[in-house]
>>> print(open('entry-v4.txt').read())   # compact mmCIF, C-alpha atoms
# COMPACT_ATOMS: atom_id res chain seq x y z
CA MET A 1 -2.71 32.71 -7.35
CA PHE A 2 -1.58 30.19 -4.72
CA SER A 3 2.05 29.39 -4.08
CA HIS A 4 3.99 27.35 -1.54
CA THR A 5 7.60 27.57 -0.50
CA ARG A 6 8.50 24.28 1.18
CA ILE A 7 7.28 21.09 2.83
CA LYS A 8 7.89 20.11 6.43
CA LEU A 9 7.72 16.41 7.37
CA GLU A 10 7.16 15.59 11.04
CA ARG A 11 7.46 11.92 11.97
CA ILE A 12 5.08 10.55 14.59
CA GLY A 13 5.94 6.88 15.07
CA GLU A 14 5.08 5.08 11.82
CA THR A 15 3.29 8.03 10.19
CA PHE A 16 4.03 11.62 9.24
CA ASN A 17 2.35 14.98 9.60
CA ILE A 18 2.96 16.97 6.42
CA PHE A 19 2.92 20.77 6.44
CA ILE A 20 2.84 22.57 3.08
CA LEU A 21 3.94 26.11 3.88
CA PRO A 22 2.69 29.27 2.10
CA LYS A 23 4.76 31.58 -0.10
CA ASN A 24 2.35 34.48 -0.69
CA GLU A 25 -0.51 36.23 1.11
CA ASN A 26 -3.19 34.35 -0.83
CA SER A 27 -1.87 31.03 0.38
CA ASP A 28 -2.03 29.22 3.70
CA THR A 29 -0.45 26.27 5.48
CA VAL A 30 -2.01 23.05 4.23
CA PHE A 31 -1.86 20.09 6.59
CA LEU A 32 -2.00 16.32 6.04
CA GLU A 33 -2.14 14.32 9.28
CA ASN A 34 -0.94 10.78 10.07
CA ILE A 35 0.17 9.90 6.54
CA ASP A 36 1.94 6.58 6.02
CA LEU A 37 4.66 7.61 3.57
CA LYS A 38 5.89 4.02 3.29
CA LYS A 39 2.79 3.41 1.16
CA PHE A 40 4.45 5.58 -1.51
CA ILE A 41 7.80 3.78 -1.38
CA PRO A 42 8.37 1.04 -4.01
CA SER A 43 8.34 -2.50 -2.69
CA VAL A 44 7.84 -6.11 -3.68
CA PRO A 45 5.41 -8.64 -2.15
CA SER A 46 7.00 -10.83 0.50
CA HIS A 47 6.47 -14.09 -1.42
CA VAL A 48 8.45 -12.71 -4.38
CA LYS A 49 11.65 -12.02 -2.43
CA LYS A 50 12.96 -15.56 -2.91
CA ASP A 51 13.60 -14.63 -6.55
CA ASP A 52 16.26 -11.91 -6.83
CA TYR A 53 15.42 -10.97 -10.42
CA LEU A 54 11.66 -10.65 -9.88
CA THR A 55 12.39 -8.64 -6.74
CA LYS A 56 14.53 -6.22 -8.74
CA ILE A 57 12.09 -5.69 -11.62
CA GLY A 58 9.15 -5.49 -9.19
CA ILE A 59 10.76 -2.67 -7.21
CA ILE A 60 12.03 -0.88 -10.32
CA ASN A 61 8.66 -1.01 -12.09
CA GLN A 62 6.92 0.55 -9.10
CA GLU A 63 9.33 3.48 -9.14
CA TRP A 64 9.15 3.78 -12.93
CA ASN A 65 5.35 4.15 -12.83
CA ARG A 66 3.58 7.22 -11.55
CA MET A 67 1.64 6.95 -8.29
CA GLN A 68 -0.79 9.83 -7.66
CA VAL A 69 -2.86 9.82 -4.47
CA ASN A 70 -5.69 12.24 -3.77
CA PHE A 71 -6.97 13.63 -0.47
CA LYS A 72 -10.54 14.94 -0.34
CA GLU A 73 -12.91 16.61 2.13
CA ASN A 74 -11.82 15.76 5.67
CA GLN A 75 -8.57 14.09 4.53
CA PHE A 76 -6.68 17.39 4.61
CA SER A 77 -7.00 20.73 6.37
CA VAL A 78 -6.06 24.36 5.80
CA ILE A 79 -4.84 25.95 9.03
CA ASN A 80 -6.44 29.41 8.87
CA GLU A 81 -9.50 31.06 7.39
CA SER A 82 -8.17 32.14 4.00
CA LYS A 83 -8.79 32.36 0.27
CA GLU A 84 -7.03 29.05 -0.16
CA LYS A 85 -9.22 27.37 2.43
CA GLU A 86 -12.30 28.58 0.59
CA ALA A 87 -10.97 27.37 -2.75
CA LEU A 88 -9.45 23.94 -2.12
CA SER A 89 -11.54 20.81 -2.65
CA ARG A 90 -8.78 18.24 -3.24
CA ILE A 91 -5.03 17.76 -2.87
CA ASP A 92 -2.94 15.23 -4.79
CA LEU A 93 0.47 13.95 -3.73
CA ALA A 94 2.38 12.21 -6.53
CA ARG A 95 5.58 10.18 -6.68
CA ASN A 96 6.36 10.64 -10.31
CA CYS A 97 8.23 8.24 -12.55
CA ILE A 98 11.38 10.22 -13.34
CA ASN A 99 13.48 9.25 -10.35
CA ALA A 100 13.16 8.29 -6.70
CA TYR A 101 13.12 11.80 -5.26
CA LEU A 102 11.01 13.85 -7.69
CA TRP A 103 7.56 14.28 -6.18
CA GLU A 104 4.66 16.61 -6.97
CA LEU A 105 1.78 18.42 -5.31
CA ILE A 106 -1.38 19.45 -7.17
CA PHE A 107 -4.19 21.46 -5.54
CA TYR A 108 -7.69 21.55 -7.03
CA THR A 109 -10.82 23.61 -6.74
CA THR A 110 -14.36 22.78 -7.84
CA GLU A 111 -16.33 25.17 -10.02
CA GLU A 112 -19.80 24.27 -11.31
CA GLU A 113 -19.13 20.58 -10.56
CA ASN A 114 -15.87 20.67 -12.55
CA THR A 115 -12.52 20.07 -10.88
CA LYS A 116 -9.58 22.16 -12.06
CA PRO A 117 -6.01 22.65 -10.77
CA VAL A 118 -5.09 25.90 -9.00
CA TYR A 119 -1.54 25.03 -7.91
CA HIS A 120 1.12 22.59 -9.12
CA GLY A 121 4.47 22.33 -7.39
CA TRP A 122 7.46 19.98 -7.45
CA PHE A 123 9.72 19.06 -4.56
CA ASN A 124 12.66 16.80 -3.82
CA PHE A 125 11.86 14.08 -1.31
CA PRO A 126 14.64 13.82 1.32
CA LYS A 127 17.09 11.19 0.07
CA GLU A 128 18.10 9.83 3.46
CA LEU A 129 14.48 9.47 4.55
CA TYR A 130 13.60 7.73 1.28
CA SER A 131 16.41 5.23 1.88
CA ASP A 132 15.31 4.63 5.48
CA LEU A 133 11.67 4.08 4.52
CA PHE A 134 12.69 1.75 1.71
CA GLU A 135 14.71 -0.46 4.06
CA GLU A 136 12.01 -0.39 6.77
CA LYS A 137 9.34 -1.46 4.30
CA ASN A 138 11.27 -4.06 2.33
CA GLY A 139 13.91 -5.39 4.68
CA LEU A 140 16.36 -4.96 1.78
CA LYS A 141 19.43 -2.76 1.32
CA TYR A 142 18.54 0.39 -0.58
CA ALA A 143 22.05 0.59 -2.07
CA ASP A 144 21.36 -2.60 -4.06
CA TYR A 145 18.56 -0.86 -6.01
CA GLN A 146 19.59 2.79 -5.77
CA ALA A 147 21.12 3.22 -9.24
CA SER A 148 18.06 1.92 -11.08
CA LEU A 149 15.64 3.94 -8.96
CA GLU A 150 17.59 7.18 -9.36
CA GLU A 151 18.81 6.93 -12.95
CA TRP A 152 16.53 4.46 -14.83
CA ILE A 153 19.35 1.91 -15.11
CA PHE A 154 18.09 -1.01 -17.20
CA PRO A 155 18.05 -4.20 -15.07
CA GLY A 156 18.83 -6.58 -17.94
CA SER A 157 16.51 -9.06 -19.62
CA GLU A 158 16.38 -12.37 -17.77
CA LYS A 159 13.93 -15.24 -17.62
CA VAL A 160 10.75 -14.60 -15.63
CA ASN A 161 9.68 -17.47 -13.38
CA LEU A 162 5.91 -17.11 -13.01
CA ASP A 163 5.88 -20.05 -10.57
CA VAL A 164 7.28 -17.67 -7.94
CA LEU A 165 4.09 -15.62 -8.21
CA ARG A 166 1.40 -18.30 -8.46
CA THR A 167 0.56 -21.94 -8.96
CA LYS A 168 -1.25 -22.59 -12.24
CA LEU A 169 -4.22 -24.87 -11.55
CA GLU A 170 -5.81 -25.08 -14.99
CA GLY A 171 -5.96 -23.12 -18.22
CA LYS A 172 -7.73 -22.87 -21.52
CA GLU A 173 -7.61 -20.86 -24.71
CA VAL A 174 -10.56 -18.47 -24.97
CA VAL A 175 -12.33 -16.82 -27.88
CA PHE A 176 -11.72 -13.11 -28.38
CA GLU A 177 -12.63 -10.31 -30.76
CA ASN A 178 -9.94 -7.89 -31.94
CA HIS A 179 -11.16 -4.27 -32.10
CA ASP A 180 -7.86 -2.68 -33.08
CA ASN A 181 -9.45 -1.67 -36.40
CA GLU A 182 -11.68 0.74 -34.45
CA TYR A 183 -10.91 3.99 -32.63
CA TYR A 184 -11.70 4.73 -28.97
CA PRO A 185 -13.64 7.49 -27.18
CA GLU A 186 -11.47 10.58 -26.68
CA ILE A 187 -12.51 11.24 -23.10
CA GLY A 188 -10.65 11.58 -19.79
CA GLU A 189 -6.89 11.20 -20.10
CA ARG A 190 -7.11 10.30 -23.78
CA LYS A 191 -8.70 13.68 -24.53
CA LYS A 192 -6.37 15.69 -22.30
CA LYS A 193 -3.21 13.98 -23.53
CA LYS A 194 -3.95 13.72 -27.25
CA MET A 195 -1.65 16.70 -27.85
CA ASN A 196 1.24 14.49 -26.70
CA ILE A 197 0.78 12.01 -29.56
CA LEU A 198 3.54 13.21 -31.86
CA PHE A 199 3.08 10.53 -34.54
CA PRO A 200 0.79 9.48 -36.12
CA LYS A 201 -1.06 12.77 -36.53
CA HIS A 202 -4.03 11.43 -38.48
CA ILE A 203 -5.52 8.57 -36.47
CA HIS A 204 -8.49 6.51 -37.62
CA SER A 205 -8.04 3.35 -35.56
CA ILE A 206 -5.85 1.73 -32.91
CA ASP A 207 -4.06 -0.08 -35.74
CA ASP A 208 -2.53 3.26 -36.73
CA PHE A 209 -0.43 3.19 -33.55
CA LEU A 210 0.90 -0.34 -33.97
CA THR A 211 4.17 0.46 -35.72
CA ASP A 212 7.60 1.55 -34.50
CA SER A 213 6.99 4.97 -36.07
CA THR A 214 4.65 5.92 -33.20
CA THR A 215 6.14 8.50 -30.84
CA TYR A 216 4.85 10.34 -27.78
CA ALA A 217 6.01 13.38 -25.80
CA THR A 218 8.51 12.34 -23.12
CA PHE A 219 7.79 12.98 -19.44
CA SER A 220 10.84 14.99 -18.34
CA ALA A 221 12.19 16.54 -15.13
CA PRO A 222 10.81 18.00 -12.98
CA GLY A 223 7.52 16.54 -14.26
CA CYS A 224 6.30 17.97 -17.58
CA TYR A 225 5.65 16.55 -21.04
CA ASN A 226 8.38 17.53 -23.49
CA GLN A 227 7.20 17.45 -27.10
CA SER A 228 10.68 18.31 -28.39
CA ASP A 229 11.96 14.95 -27.08
CA PRO A 230 9.92 12.24 -28.89
CA ARG A 231 9.63 8.94 -27.04
CA LYS A 232 10.22 6.05 -29.43
CA THR A 233 8.23 2.82 -29.24
CA GLN A 234 8.29 -0.79 -30.42
CA LEU A 235 4.54 -1.04 -30.87
CA HIS A 236 4.90 -3.30 -33.91
CA ARG A 237 5.09 -6.07 -31.28
CA LEU A 238 1.37 -5.63 -30.55
CA ALA A 239 0.20 -5.54 -34.16
CA SER A 240 -1.20 -9.08 -34.26
CA LEU A 241 -2.88 -10.82 -31.32
CA LYS A 242 -2.93 -14.56 -32.05
CA LYS A 243 -4.13 -16.17 -28.84
CA VAL A 244 -5.62 -15.43 -25.41
CA GLU A 245 -5.28 -17.93 -22.58
CA LEU A 246 -7.29 -17.75 -19.36
CA ASN A 247 -5.76 -19.56 -16.39
CA LYS A 248 -7.07 -20.37 -12.94
CA THR A 249 -4.30 -19.77 -10.41
CA LYS A 250 -3.52 -19.83 -6.70
CA SER A 251 -1.48 -16.89 -5.45
CA LEU A 252 1.61 -17.72 -3.42
CA ASN A 253 0.98 -14.87 -1.00
CA SER A 254 -0.11 -15.64 2.56
CA ASN A 255 -3.79 -15.79 1.64
CA GLN A 256 -3.19 -18.14 -1.34
CA GLU A 257 -6.17 -16.63 -3.13
CA LEU A 258 -7.80 -18.37 -6.08
CA LEU A 259 -7.60 -15.85 -8.91
CA SER A 260 -7.18 -15.55 -12.67
CA GLU A 261 -4.39 -14.94 -15.13
CA LEU A 262 -4.65 -13.74 -18.73
CA VAL A 263 -1.89 -14.43 -21.26
CA LEU A 264 -2.09 -12.51 -24.54
CA ARG A 265 0.21 -13.86 -27.25
CA PHE A 266 1.23 -11.46 -30.03
CA GLU A 267 3.11 -12.74 -33.08
CA THR A 268 4.76 -10.84 -35.93
CA ASP A 269 7.29 -11.80 -38.58
CA LYS A 270 10.01 -10.41 -36.30
CA ASP A 271 9.11 -11.61 -32.82
CA THR A 272 6.65 -13.01 -30.29
CA THR A 273 5.47 -11.02 -27.26
CA LEU A 274 3.56 -12.32 -24.24
CA PHE A 275 1.51 -9.94 -22.10
CA VAL A 276 0.74 -11.67 -18.78
CA VAL A 277 -1.71 -10.12 -16.30
CA GLY A 278 -2.47 -12.16 -13.20
CA GLY A 279 -3.48 -12.12 -9.57
CA ILE A 280 -6.81 -10.61 -10.60
CA ASP A 281 -10.44 -11.45 -9.82
CA ILE A 282 -11.89 -11.61 -13.30
CA SER A 283 -15.42 -10.96 -11.97
CA LYS A 284 -14.53 -7.67 -10.26
CA PRO A 285 -13.92 -5.14 -13.10
CA PRO A 286 -16.87 -2.74 -13.39
CA VAL A 287 -19.63 -3.22 -15.95
CA LEU A 288 -19.26 -0.35 -18.44
CA THR A 289 -20.00 0.68 -21.98
CA VAL A 290 -17.12 1.39 -24.34
CA GLU A 291 -17.97 5.09 -24.02
CA ASP A 292 -17.28 4.88 -20.27
CA SER A 293 -14.16 2.75 -20.60
CA LYS A 294 -11.99 5.37 -18.87
CA LYS A 295 -13.63 4.28 -15.59
CA GLY A 296 -12.28 0.73 -15.93
CA TYR A 297 -9.90 -1.11 -13.63
CA GLN A 298 -6.42 0.01 -14.65
CA MET A 299 -3.02 -0.97 -13.31
CA PRO A 300 0.61 -0.29 -14.16
CA ILE A 301 2.73 -3.16 -15.42
CA GLY A 302 4.73 -4.52 -12.50
CA ILE A 303 4.38 -6.69 -9.39
CA GLY A 304 2.19 -5.73 -6.43
CA ASN A 305 1.43 -2.23 -7.77
CA TYR A 306 -1.21 0.24 -6.75
CA SER A 307 -3.26 1.80 -9.53
CA PHE A 308 -2.12 5.03 -11.20
CA TYR A 309 -4.67 7.15 -9.34
CA GLN A 310 -6.24 6.34 -5.96
CA ASN A 311 -7.66 7.97 -2.88
CA TYR A 312 -5.52 7.80 0.25
CA ALA A 313 -8.17 5.75 2.09
CA GLU A 314 -7.79 3.00 -0.53
CA ILE A 315 -4.02 2.71 -0.25
CA ALA A 316 -4.11 3.07 3.56
CA LYS A 317 -6.06 -0.19 3.90
CA ALA A 318 -4.16 -2.07 1.15
CA ASN A 319 -1.14 -4.26 1.89
CA GLN A 320 1.31 -4.16 -1.02
CA LEU A 321 3.48 -6.78 0.67
CA GLU A 322 0.67 -9.32 0.21
CA SER A 323 -0.56 -8.15 -3.20
CA PRO A 324 -1.23 -11.02 -5.67
CA TYR A 325 -1.18 -8.71 -8.73
CA TYR A 326 1.37 -8.90 -11.53
CA GLY A 327 1.59 -7.58 -15.07
CA LEU A 328 4.59 -8.53 -17.20
CA LEU A 329 5.80 -8.45 -20.78
CA THR A 330 8.12 -11.19 -22.01
CA ASP A 331 9.47 -12.58 -25.24
CA GLU A 332 8.65 -16.11 -26.44
CA ASN A 333 11.39 -17.52 -24.18
CA HIS A 334 9.84 -15.76 -21.17
CA ASN A 335 12.65 -13.20 -20.91
CA TRP A 336 11.50 -9.89 -19.37
CA LEU A 337 10.79 -6.94 -21.66
CA ASP A 338 10.72 -3.31 -20.49
CA CYS A 339 7.17 -2.13 -21.20
CA HIS A 340 8.32 1.48 -21.41
CA GLU A 341 10.66 0.70 -24.30
CA ILE A 342 7.81 -1.02 -26.12
CA GLY A 343 5.53 1.92 -25.35
CA ILE A 344 2.85 0.69 -22.94
CA ASP A 345 1.94 1.36 -19.31
CA GLY A 346 -0.51 -1.39 -18.43
CA PRO A 347 -3.97 -2.91 -18.86
CA LEU A 348 -7.41 -1.36 -18.41
CA MET A 349 -10.30 -3.81 -18.00
CA HIS A 350 -14.04 -3.73 -17.69
CA LEU A 351 -16.98 -6.05 -18.32
CA ASP A 352 -19.92 -5.34 -20.60
CA LYS A 353 -23.57 -6.16 -19.92
CA GLU A 354 -23.18 -9.50 -21.74
CA GLY A 355 -20.44 -10.51 -19.30
CA ASN A 356 -17.58 -10.24 -21.78
CA LEU A 357 -14.24 -8.81 -20.65
CA HIS A 358 -12.92 -5.75 -22.46
CA PHE A 359 -9.12 -5.69 -22.28
CA TRP A 360 -7.57 -2.38 -23.31
CA ILE A 361 -3.85 -1.64 -23.46
CA LEU A 362 -2.73 1.77 -22.23
CA SER A 363 0.08 3.40 -24.16
CA PHE A 364 3.19 5.00 -22.67
CA GLU A 365 1.97 7.68 -20.21
CA ARG A 366 -1.60 6.63 -21.08
CA HIS A 367 -1.71 9.09 -23.99
CA SER A 368 -3.75 6.64 -26.07
CA PHE A 369 -5.05 3.08 -26.21
CA VAL A 370 -2.91 0.70 -28.25
CA GLY A 371 -5.08 -2.39 -27.95
CA HIS A 372 -8.75 -3.33 -27.47
CA TYR A 373 -9.87 -6.95 -27.24
CA VAL A 374 -13.17 -8.45 -26.11
CA VAL A 375 -12.67 -11.78 -24.36
CA LYS A 376 -15.69 -14.10 -24.46
CA MET A 377 -15.97 -15.23 -20.84
CA ASN A 378 -18.75 -17.73 -21.51
>>> encode(input="entry-v4.txt", output="structure tokens")
Amino acid sequence: MFSHTRIKLERIGETFNIFILPKNENSDTVFLENIDLKKFIPSVPSHVKKDDYLTKIGIINQEWNRMQVNFKENQFSVINESKEKEALSRIDLARNCINAYLWELIFYTTEEENTKPVYHGWFNFPKELYSDLFEEKNGLKYADYQASLEEWIFPGSEKVNLDVLRTKLEGKEVVFENHDNEYYPEIGERKKKKMNILFPKHIHSIDDFLTDSTTYATFSAPGCYNQSDPRKTQLHRLASLKKVELNKTKSLNSNQELLSELVLRFETDKDTTLFVVGGIDISKPPVLTVEDSKKGYQMPIGIGNYSFYQNYAEIAKANQLESPYYGLLTDENHNWLDCHEIGIDGPLMHLDKEGNLHFWILSFERHSFVGHYVVKMN
């Protein structure tokens, strides 16, 4: 019903006015005012820049993970009185994970308290502007990272120096329960994306995913799931959680915040995998039941990331360049592993009413959960 022909970006100092122009008579010009597009550009926290390798994988991981930002109510406007103005309740702007310039727009309406999409369009972000914003935000040469951001060029597996990110103050091994022998509620993304689980077809528990036979539909240009191109995984690496360590840390950002770090150690006959998630306040995840787990605190693997889905007001007040957050996969020698090759996107966490921490692992493209552990915080 609604269709749009092009986007006009008008720079006003440090921000942009964005005009989304109509293509048919049902549609109208949609307007976003004073948008800081640098918030969408991949970056690395300032304290990480002294390490060239962490800088590279931090920037690459931000581009390789989807960032979808929504605008609601008075955060956008429709220029004229029109059918589209009557219909629209939310607009999402997404920098997808395929390459640096493939972005998306999704418009939504609300019917009987349910939100549903009414328009989905793809556009190419201007390359020269992307380069300029990258260099303004990071103080780094875009050409040094361009190939990986445009073409998913693998950055190589080198040793990760966590001491660049934080100072470890103390640590201890903590008791956990492994719930991989159970299934999970098929709600939210897990319900919508179940069709993109290509193998296994008959799933009874999370354990069923934890083999290298698991495949998912690949997210392909311009931004659709392609079931004819199965995405392979190395999920055998997560088949056996042996140890969870909880560390007290001090971030090396300007604020030097006292935070927590979790280290999950997986061991198989073939290899050892460490999943490190740090720069987090372990008391802040919401208190939820397992049935409401989709509302948990979830983050992409990377350094200084935003979450997968956020409102513009949240990212407008956040400072990525001071973010203490990091999520990394390494082998037993602390060499970096590409989470997308293994088949995961990041952690999802929440507390329960007893104060225990539920740590879920999101699969590639968040099609399923591939881990569920309850960490005994007391």
>>> closest_atom_pairs(input="entry-v4.txt", of="range 68-155 of chain A", to="range 337-341 of chain A", cutoff="12 Å", atoms="only C-alpha atoms", output="Markdown table")
| residue | atom | partner | partner_atom | distance |
| --- | --- | --- | --- | --- |
| A:Cys97 | CA | A:His340 | CA | 11.1 |
| A:Trp152 | CA | A:His340 | CA | 10.9 |
| A:Ile153 | CA | A:Asp338 | CA | 11.4 |
| A:Phe154 | CA | A:Asp338 | CA | 8.4 |
| A:Pro155 | CA | A:Asp338 | CA | 9.2 |
>>> closest_residue(input="entry-v4.txt", among="A:Ser43, A:Ser260, A:Asn305, A:Asn161", to="Glu135 in chain A", atoms="only C-alpha atoms")
A:Ser43
>>> residues_around(input="entry-v4.txt", residues="Pro126 in chain A", least_positions_apart="3", cutoff="8 Å", atoms="only C-alpha atoms", output="PyMOL selection string")
chain A and resi 101+129-130
>>> closest_atom_pairs(input="entry-v4.txt", of="range 87-143 of chain A", to="range 45-59 of chain A", cutoff="12 Å", atoms="all atoms listed in the file", output="JSON lines")
{"residue": "A:Ala100", "atom": "CA", "partner": "A:Ile59", "partner_atom": "CA", "distance": 11.2}
{"residue": "A:Phe134", "atom": "CA", "partner": "A:Ile59", "partner_atom": "CA", "distance": 10.1}
{"residue": "A:Lys137", "atom": "CA", "partner": "A:Ser46", "partner_atom": "CA", "distance": 10.4}
{"residue": "A:Asn138", "atom": "CA", "partner": "A:Ser46", "partner_atom": "CA", "distance": 8.2}
{"residue": "A:Gly139", "atom": "CA", "partner": "A:Ser46", "partner_atom": "CA", "distance": 9.7}
{"residue": "A:Leu140", "atom": "CA", "partner": "A:Lys49", "partner_atom": "CA", "distance": 9.5}
{"residue": "A:Lys141", "atom": "CA", "partner": "A:Lys56", "partner_atom": "CA", "distance": 11.7}
{"residue": "A:Tyr142", "atom": "CA", "partner": "A:Ile59", "partner_atom": "CA", "distance": 10.7}
>>> residues_around(input="entry-v4.txt", residues="Ile303 in chain A", least_positions_apart="6", cutoff="7 Å", atoms="only C-alpha atoms", output="list of chain:residue names")
A:Val44, A:Gly58, A:Tyr325, A:Tyr326, A:Gly327
>>> decode(input="entry-v4.txt", residues="range 242-266 of chain A", atoms="N, CA and C atoms", output="mmCIF file, in the first residue's frame")
data_model
loop_
_atom_site.group_PDB
_atom_site.id
_atom_site.type_symbol
_atom_site.label_atom_id
_atom_site.label_comp_id
_atom_site.auth_asym_id
_atom_site.auth_seq_id
_atom_site.Cartn_x
_atom_site.Cartn_y
_atom_site.Cartn_z
ATOM 1 N N LYS A 242 31.761 -26.557 31.316
ATOM 2 C CA LYS A 242 32.483 -27.151 32.432
ATOM 3 C C LYS A 242 32.621 -26.218 33.627
ATOM 4 N N LYS A 243 32.649 -24.912 33.379
ATOM 5 C CA LYS A 243 33.007 -24.004 34.465
ATOM 6 C C LYS A 243 32.477 -22.609 34.161
ATOM 7 N N VAL A 244 32.025 -21.904 35.195
ATOM 8 C CA VAL A 244 31.647 -20.495 35.080
ATOM 9 C C VAL A 244 32.416 -19.714 36.135
ATOM 10 N N GLU A 245 33.088 -18.672 35.705
ATOM 11 C CA GLU A 245 33.849 -17.807 36.604
ATOM 12 C C GLU A 245 33.212 -16.421 36.629
ATOM 13 N N LEU A 246 33.054 -15.870 37.816
ATOM 14 C CA LEU A 246 32.521 -14.528 37.980
ATOM 15 C C LEU A 246 33.625 -13.636 38.535
ATOM 16 N N ASN A 247 33.969 -12.588 37.788
ATOM 17 C CA ASN A 247 35.057 -11.703 38.177
ATOM 18 C C ASN A 247 34.554 -10.299 38.487
ATOM 19 N N LYS A 248 35.139 -9.674 39.476
ATOM 20 C CA LYS A 248 34.933 -8.262 39.735
ATOM 21 C C LYS A 248 36.014 -7.504 38.984
ATOM 22 N N THR A 249 35.615 -6.495 38.212
ATOM 23 C CA THR A 249 36.561 -5.789 37.357
ATOM 24 C C THR A 249 36.400 -4.279 37.471
ATOM 25 N N LYS A 250 37.426 -3.571 37.037
ATOM 26 C CA LYS A 250 37.365 -2.116 36.893
ATOM 27 C C LYS A 250 37.587 -1.792 35.427
ATOM 28 N N SER A 251 36.600 -1.139 34.814
ATOM 29 C CA SER A 251 36.725 -0.770 33.411
ATOM 30 C C SER A 251 37.864 0.220 33.230
ATOM 31 N N LEU A 252 38.504 0.176 32.081
ATOM 32 C CA LEU A 252 39.574 1.122 31.780
ATOM 33 C C LEU A 252 39.083 2.281 30.928
ATOM 34 N N ASN A 253 37.742 2.483 30.914
ATOM 35 C CA ASN A 253 37.225 3.702 30.295
ATOM 36 C C ASN A 253 37.428 4.878 31.251
ATOM 37 N N SER A 254 36.988 6.054 30.863
ATOM 38 C CA SER A 254 37.241 7.251 31.669
ATOM 39 C C SER A 254 36.623 7.165 33.058
ATOM 40 N N ASN A 255 35.458 6.514 33.144
ATOM 41 C CA ASN A 255 34.754 6.432 34.428
ATOM 42 C C ASN A 255 35.319 5.351 35.347
ATOM 43 N N GLN A 256 36.088 4.411 34.792
ATOM 44 C CA GLN A 256 36.687 3.321 35.561
ATOM 45 C C GLN A 256 35.658 2.663 36.493
ATOM 46 N N GLU A 257 34.546 2.272 35.882
ATOM 47 C CA GLU A 257 33.437 1.695 36.651
ATOM 48 C C GLU A 257 33.782 0.313 37.198
ATOM 49 N N LEU A 258 33.273 0.036 38.390
ATOM 50 C CA LEU A 258 33.391 -1.291 38.986
ATOM 51 C C LEU A 258 32.233 -2.138 38.480
ATOM 52 N N LEU A 259 32.562 -3.206 37.735
ATOM 53 C CA LEU A 259 31.548 -3.993 37.053
ATOM 54 C C LEU A 259 31.878 -5.479 37.178
ATOM 55 N N SER A 260 31.211 -6.294 36.409
ATOM 56 C CA SER A 260 31.395 -7.742 36.489
ATOM 57 C C SER A 260 31.763 -8.320 35.133
ATOM 58 N N GLU A 261 32.370 -9.494 35.205
ATOM 59 C CA GLU A 261 32.744 -10.248 34.007
ATOM 60 C C GLU A 261 32.415 -11.713 34.237
ATOM 61 N N LEU A 262 31.771 -12.334 33.281
ATOM 62 C CA LEU A 262 31.485 -13.768 33.312
ATOM 63 C C LEU A 262 32.358 -14.466 32.281
ATOM 64 N N VAL A 263 32.955 -15.589 32.679
ATOM 65 C CA VAL A 263 33.740 -16.404 31.756
ATOM 66 C C VAL A 263 33.163 -17.817 31.777
ATOM 67 N N LEU A 264 32.579 -18.231 30.664
ATOM 68 C CA LEU A 264 32.023 -19.574 30.524
ATOM 69 C C LEU A 264 33.040 -20.427 29.770
ATOM 70 N N ARG A 265 33.432 -21.539 30.359
ATOM 71 C CA ARG A 265 34.428 -22.418 29.755
ATOM 72 C C ARG A 265 33.752 -23.700 29.265
ATOM 73 N N PHE A 266 33.794 -23.904 27.948
ATOM 74 C CA PHE A 266 33.234 -25.094 27.317
ATOM 75 C C PHE A 266 34.387 -26.009 26.897
#
